[in-house]
Amino acid sequence: MKRLIFGSLLLLLIIIAALFLEGDAYVDAASRLSPPSGDNIMGTDAFGRSLSAMIGKGVLVSIAVASAITALSFAAGIMLSFLFFSWEMPNPLFITAMLTVKSIPPVILALFLNALSGPGILKLIAVLSIGQMANIATTAYSRVAVLRNEEFVLASFGLGKSRLYVFRKHIIPALIPYIALQSVSVFLSSILSESSLSFLGCGVPVTTATIGSILAEARATAAIAPWTVVFPAAFLLLIGIALECIISALSKLDTSTH
Amino acid sequence: MILTFLSVSFLVFSFLDMAEGDSSAYVLPEDAAEEEIAAYREAQGLNRPFLERYSGFMLSFMKGEWGISAAGHDIKSMIAHSVPVTISIAFSSIFLALLISVPLSIAAVRRKWIGCGVSVLSTVLMIMPSFLLSMVLVLLFSVYFRVFPVAGYVPLSRGFILHVRSIFLPSLTLALLHSSLFMRVFRKALAAGAESQYSLFALSTGMSEKEIAVKSALRPSLPLLASLVSQSLSFALGGSAAVETVFSLPGIGALMVDAALSRDAQLAGTVMILVAVSVAFVFFLFEGILPMIDPRVRRHR
């Protein structure tokens, strides 16, 4: 419980800090690569832009993208559960389908779509959500398979309740702990994949600053201006720590994995 | 595996088909007459139905005719050059990861303070994106200590030591990322094994704690470890894009990034089909190995 509060507070703090720092970054040739000071609390990059303003914006973009992916995956999780609930998919068929989905690494799929028609935020969100689908479907499938034969579910059917009613009333509440845990994991891995892809120049379009693209530009200046790497990396790691705390707290609540 | 090949190639082909629209728009001059366009489409076989063109695409793909990249190189030879790089990184990273994670996990189960250290380490590695970790390692080992080269690749044919030197840091990066997952899962399994009744029984027969850790706790965790390794191999095949780019290694991942940045859909599609098929092959292989190391699976069949 302590970890859950700590993680959520840290995440909130990061968002507030990002909102506070966020601003327009201007190219200023006179103050290129200046170290952190009163004017630019995190120093400037190779173009003289204020790093704090860029990082603020980057963090917000990353979190927005990851939230969208999480929301999509969450909705897909519920829908897939309903599908598996109403139609008992044969196990071998399910396993084969999952292996097929799993064998395309999401990063590779994202790069392929990039090669087709260039980068775009919506495309990125769609691809990374598809990449999460295998895990989500597996959780939904295995949970629903267990729940379907639980006595309270059978009893509800026996009372003549409709499929949708049973799903809403009994299945969803029982699924919530798993889906919540999974959503946070999806959030974390979306942040990581998004920043990796942006780092490669194939994620969020280059005109929008993200942590990944800031770090990609900072690669050249890492040795002479360490602050260009340290601050964006620190933000990325702090987001990771916050989410990891929430994940470990939620997985402790979930008794089935022990 | 065949199903994977069919569905992935179908996906790639339909995407390519949709995106390209009709190549007559690029090849012919803008003021081409209707008849000219029709003649061109007929000659290129663009009028034939979708499934027929798809089977043609599949046939030429199976024959190894993968076409020419946007820059005019033969795709097959480009891939042939980059596969050894990625494979050697993938295998050495798995090897290193096992070297790091197995002893640490065993030690973590036996000593509490090592356990704490290991969980902190694996958590930190868990939230570290691969490109960031590789940047940190480059700064540490190549810029400050100057032990390993910053980037570049030396093929095995130019000497074993030089080859290992050039792939050590990228392999270490991937190995650390794999081992964070290995340690997390493997440790739990080991701890469960050590607390189980058969371990208690082993203790009562007078086996030393060390023997129990290796014999009765390690053995049941092996299948789990094998499944992790097979998953990591697929991750290494696909996820090496960032690492290969940072270290400028000419591997599959870097090839894919180049294809993406230069909008070379033909090349990217071919690489994607190959990656998916090889990942499926690794899973398939694992399914075959599983009964050998896990008697529990054997009994069920």
# chains A, B, ... in the order shown; residues from 1 in each chain; ligands from 1
>>> closest_atom_pairs(of="region 156-229 of chain A", to="region 83-92 of chain A", cutoff="10 Å", atoms="only C-alpha atoms", output="JSON lines")
{"residue": "A:Arg163", "atom": "CA", "partner": "A:Ser86", "partner_atom": "CA", "distance": 7.4}
{"residue": "A:Leu164", "atom": "CA", "partner": "A:Ser86", "partner_atom": "CA", "distance": 9.0}
{"residue": "A:Val166", "atom": "CA", "partner": "A:Phe85", "partner_atom": "CA", "distance": 10.0}
{"residue": "A:Phe167", "atom": "CA", "partner": "A:Phe85", "partner_atom": "CA", "distance": 7.8}
{"residue": "A:Ile171", "atom": "CA", "partner": "A:Phe85", "partner_atom": "CA", "distance": 8.8}
>>> write_last_selection(atoms="N, CA, C and O atoms", output="PDB file, in the first residue's frame")
ATOM      1  N   ARG A 163     -26.414 -13.157 -20.796  1.00  0.00           N
ATOM      2  CA  ARG A 163     -24.948 -13.252 -20.875  1.00  0.00           C
ATOM      3  C   ARG A 163     -24.276 -11.917 -20.534  1.00  0.00           C
ATOM      4  O   ARG A 163     -23.294 -11.864 -19.791  1.00  0.00           O
ATOM      5  N   LEU A 164     -24.835 -10.860 -21.103  1.00  0.00           N
ATOM      6  CA  LEU A 164     -24.261  -9.537 -20.883  1.00  0.00           C
ATOM      7  C   LEU A 164     -24.347  -9.148 -19.411  1.00  0.00           C
ATOM      8  O   LEU A 164     -23.421  -8.579 -18.834  1.00  0.00           O
ATOM      9  N   VAL A 166     -24.496 -11.179 -16.770  1.00  0.00           N
ATOM     10  CA  VAL A 166     -23.529 -11.957 -15.983  1.00  0.00           C
ATOM     11  C   VAL A 166     -22.127 -11.388 -16.180  1.00  0.00           C
ATOM     12  O   VAL A 166     -21.356 -11.238 -15.228  1.00  0.00           O
ATOM     13  N   PHE A 167     -21.813 -11.039 -17.425  1.00  0.00           N
ATOM     14  CA  PHE A 167     -20.486 -10.497 -17.709  1.00  0.00           C
ATOM     15  C   PHE A 167     -20.249  -9.210 -16.915  1.00  0.00           C
ATOM     16  O   PHE A 167     -19.223  -9.032 -16.273  1.00  0.00           O
ATOM     17  N   ILE A 171     -18.264 -11.044 -14.069  1.00  0.00           N
ATOM     18  CA  ILE A 171     -16.956 -11.272 -14.671  1.00  0.00           C
ATOM     19  C   ILE A 171     -16.066 -10.031 -14.535  1.00  0.00           C
ATOM     20  O   ILE A 171     -14.926 -10.124 -14.080  1.00  0.00           O
TER      21      ILE A 171
END
>>> residues_around(residues="Ser179 (chain B)", least_positions_apart="6", cutoff="10 Å", atoms="only C-alpha atoms", output="short mmCIF file (atom, residue, chain, number, x, y, z; two decimals) with N, CA, C and O atoms, in the first residue's frame")
data_model
loop_
_atom_site.label_atom_id
_atom_site.label_comp_id
_atom_site.auth_asym_id
_atom_site.auth_seq_id
_atom_site.Cartn_x
_atom_site.Cartn_y
_atom_site.Cartn_z
N SER B 93 24.53 -12.59 -26.03
CA SER B 93 23.82 -11.89 -24.96
C SER B 93 23.07 -12.88 -24.08
O SER B 93 23.04 -12.73 -22.86
N ILE B 94 22.50 -13.92 -24.69
CA ILE B 94 21.81 -14.93 -23.88
C ILE B 94 22.82 -15.65 -22.98
O ILE B 94 22.58 -15.86 -21.79
N LEU B 96 25.71 -14.50 -21.86
CA LEU B 96 26.10 -13.59 -20.78
C LEU B 96 25.00 -13.45 -19.75
O LEU B 96 25.26 -13.43 -18.54
N ALA B 97 23.75 -13.40 -20.24
CA ALA B 97 22.63 -13.21 -19.32
C ALA B 97 22.52 -14.39 -18.38
O ALA B 97 22.29 -14.22 -17.17
N LEU B 98 22.71 -15.61 -18.92
CA LEU B 98 22.66 -16.79 -18.06
C LEU B 98 23.81 -16.77 -17.07
O LEU B 98 23.66 -17.08 -15.89
N LEU B 99 24.98 -16.33 -17.55
CA LEU B 99 26.16 -16.25 -16.71
C LEU B 99 25.94 -15.27 -15.55
O LEU B 99 26.42 -15.48 -14.44
N ILE B 100 25.19 -14.20 -15.82
CA ILE B 100 24.93 -13.21 -14.77
C ILE B 100 23.81 -13.69 -13.86
O ILE B 100 23.92 -13.64 -12.64
N SER B 101 22.71 -14.18 -14.48
CA SER B 101 21.49 -14.33 -13.68
C SER B 101 21.43 -15.62 -12.88
O SER B 101 20.93 -15.61 -11.76
N VAL B 102 21.97 -16.73 -13.41
CA VAL B 102 21.82 -17.99 -12.68
C VAL B 102 22.58 -17.96 -11.34
O VAL B 102 21.98 -18.21 -10.29
N LEU B 104 23.59 -15.39 -9.64
CA LEU B 104 23.01 -14.36 -8.78
C LEU B 104 21.69 -14.81 -8.18
O LEU B 104 21.41 -14.54 -7.01
N SER B 105 20.87 -15.51 -8.98
CA SER B 105 19.58 -15.96 -8.45
C SER B 105 19.78 -16.99 -7.35
O SER B 105 19.11 -16.95 -6.32
N LEU B 121 18.69 -4.26 -8.36
CA LEU B 121 19.35 -4.27 -9.67
C LEU B 121 18.36 -4.63 -10.78
O LEU B 121 18.29 -3.96 -11.81
N SER B 122 17.56 -5.69 -10.54
CA SER B 122 16.68 -6.11 -11.64
C SER B 122 15.57 -5.09 -11.86
O SER B 122 15.12 -4.90 -12.98
N LEU B 125 17.13 -2.31 -13.96
CA LEU B 125 17.31 -2.73 -15.35
C LEU B 125 15.98 -2.85 -16.08
O LEU B 125 15.89 -2.64 -17.28
N MET B 126 14.95 -3.20 -15.30
CA MET B 126 13.62 -3.40 -15.89
C MET B 126 13.09 -2.10 -16.50
O MET B 126 12.41 -2.12 -17.52
N VAL B 185 12.03 -13.85 -12.50
CA VAL B 185 11.17 -15.04 -12.59
C VAL B 185 11.87 -16.26 -12.00
O VAL B 185 11.29 -17.03 -11.23
N PHE B 186 13.13 -16.41 -12.35
CA PHE B 186 13.88 -17.59 -11.97
C PHE B 186 14.04 -17.66 -10.45
O PHE B 186 13.96 -18.72 -9.85
N LEU B 228 11.94 -18.71 -20.83
CA LEU B 228 12.41 -17.32 -20.80
C LEU B 228 13.47 -17.10 -21.87
O LEU B 228 13.48 -16.08 -22.54
N VAL B 229 14.37 -18.08 -22.02
CA VAL B 229 15.42 -17.93 -23.01
C VAL B 229 14.83 -17.84 -24.41
O VAL B 229 15.23 -17.00 -25.21
N SER B 232 13.46 -14.50 -24.86
CA SER B 232 14.50 -13.48 -24.96
C SER B 232 15.17 -13.50 -26.31
O SER B 232 15.55 -12.46 -26.84
#
>>> residues_around(residues="Leu169 (chain B)", least_positions_apart="6", cutoff="8 Å", atoms="only C-alpha atoms", output="mmCIF file with N, CA, C and O atoms, in the first residue's frame")
data_model
loop_
_atom_site.group_PDB
_atom_site.id
_atom_site.type_symbol
_atom_site.label_atom_id
_atom_site.label_comp_id
_atom_site.auth_asym_id
_atom_site.auth_seq_id
_atom_site.Cartn_x
_atom_site.Cartn_y
_atom_site.Cartn_z
ATOM 1 N N SER B 134 22.580 1.325 -23.271
ATOM 2 C CA SER B 134 23.774 1.232 -24.115
ATOM 3 C C SER B 134 24.545 2.544 -24.117
ATOM 4 O O SER B 134 25.772 2.543 -24.157
ATOM 5 N N LEU B 137 26.589 2.536 -20.944
ATOM 6 C CA LEU B 137 27.738 1.630 -21.036
ATOM 7 C C LEU B 137 28.827 2.200 -21.944
ATOM 8 O O LEU B 137 30.011 2.062 -21.657
ATOM 9 N N VAL B 138 28.410 2.854 -23.040
ATOM 10 C CA VAL B 138 29.410 3.461 -23.921
ATOM 11 C C VAL B 138 30.180 4.534 -23.181
ATOM 12 O O VAL B 138 31.410 4.591 -23.222
ATOM 13 N N PHE B 148 36.708 -0.689 -24.354
ATOM 14 C CA PHE B 148 36.078 -1.267 -25.535
ATOM 15 C C PHE B 148 35.851 -0.182 -26.578
ATOM 16 O O PHE B 148 35.736 0.987 -26.231
#
>>> interface_residues(of="chain B", to="chain A", cutoff="7 Å", atoms="only C-alpha atoms", output="ChimeraX atom specification")
/B:4,19,127-129,131,238-239,242,256-257,259-265,268-269,272,276,279-280
>>> residues_around(residues="Ile172 (chain A)", least_positions_apart="2", cutoff="12 Å", atoms="only C-alpha atoms", output="ChimeraX atom specification")
/A:74-75,77-82,85,140,143-144,147-148,153,164-170,174-180
>>> atom_distance(atom1="CA of Val85 (chain B)", atom2="CA of His163 (chain B)")
10.1 Å
>>> atom_distance(atom1="CA of Lys57 (chain A)", atom2="CA of Thr207 (chain A)")
11.8 Å
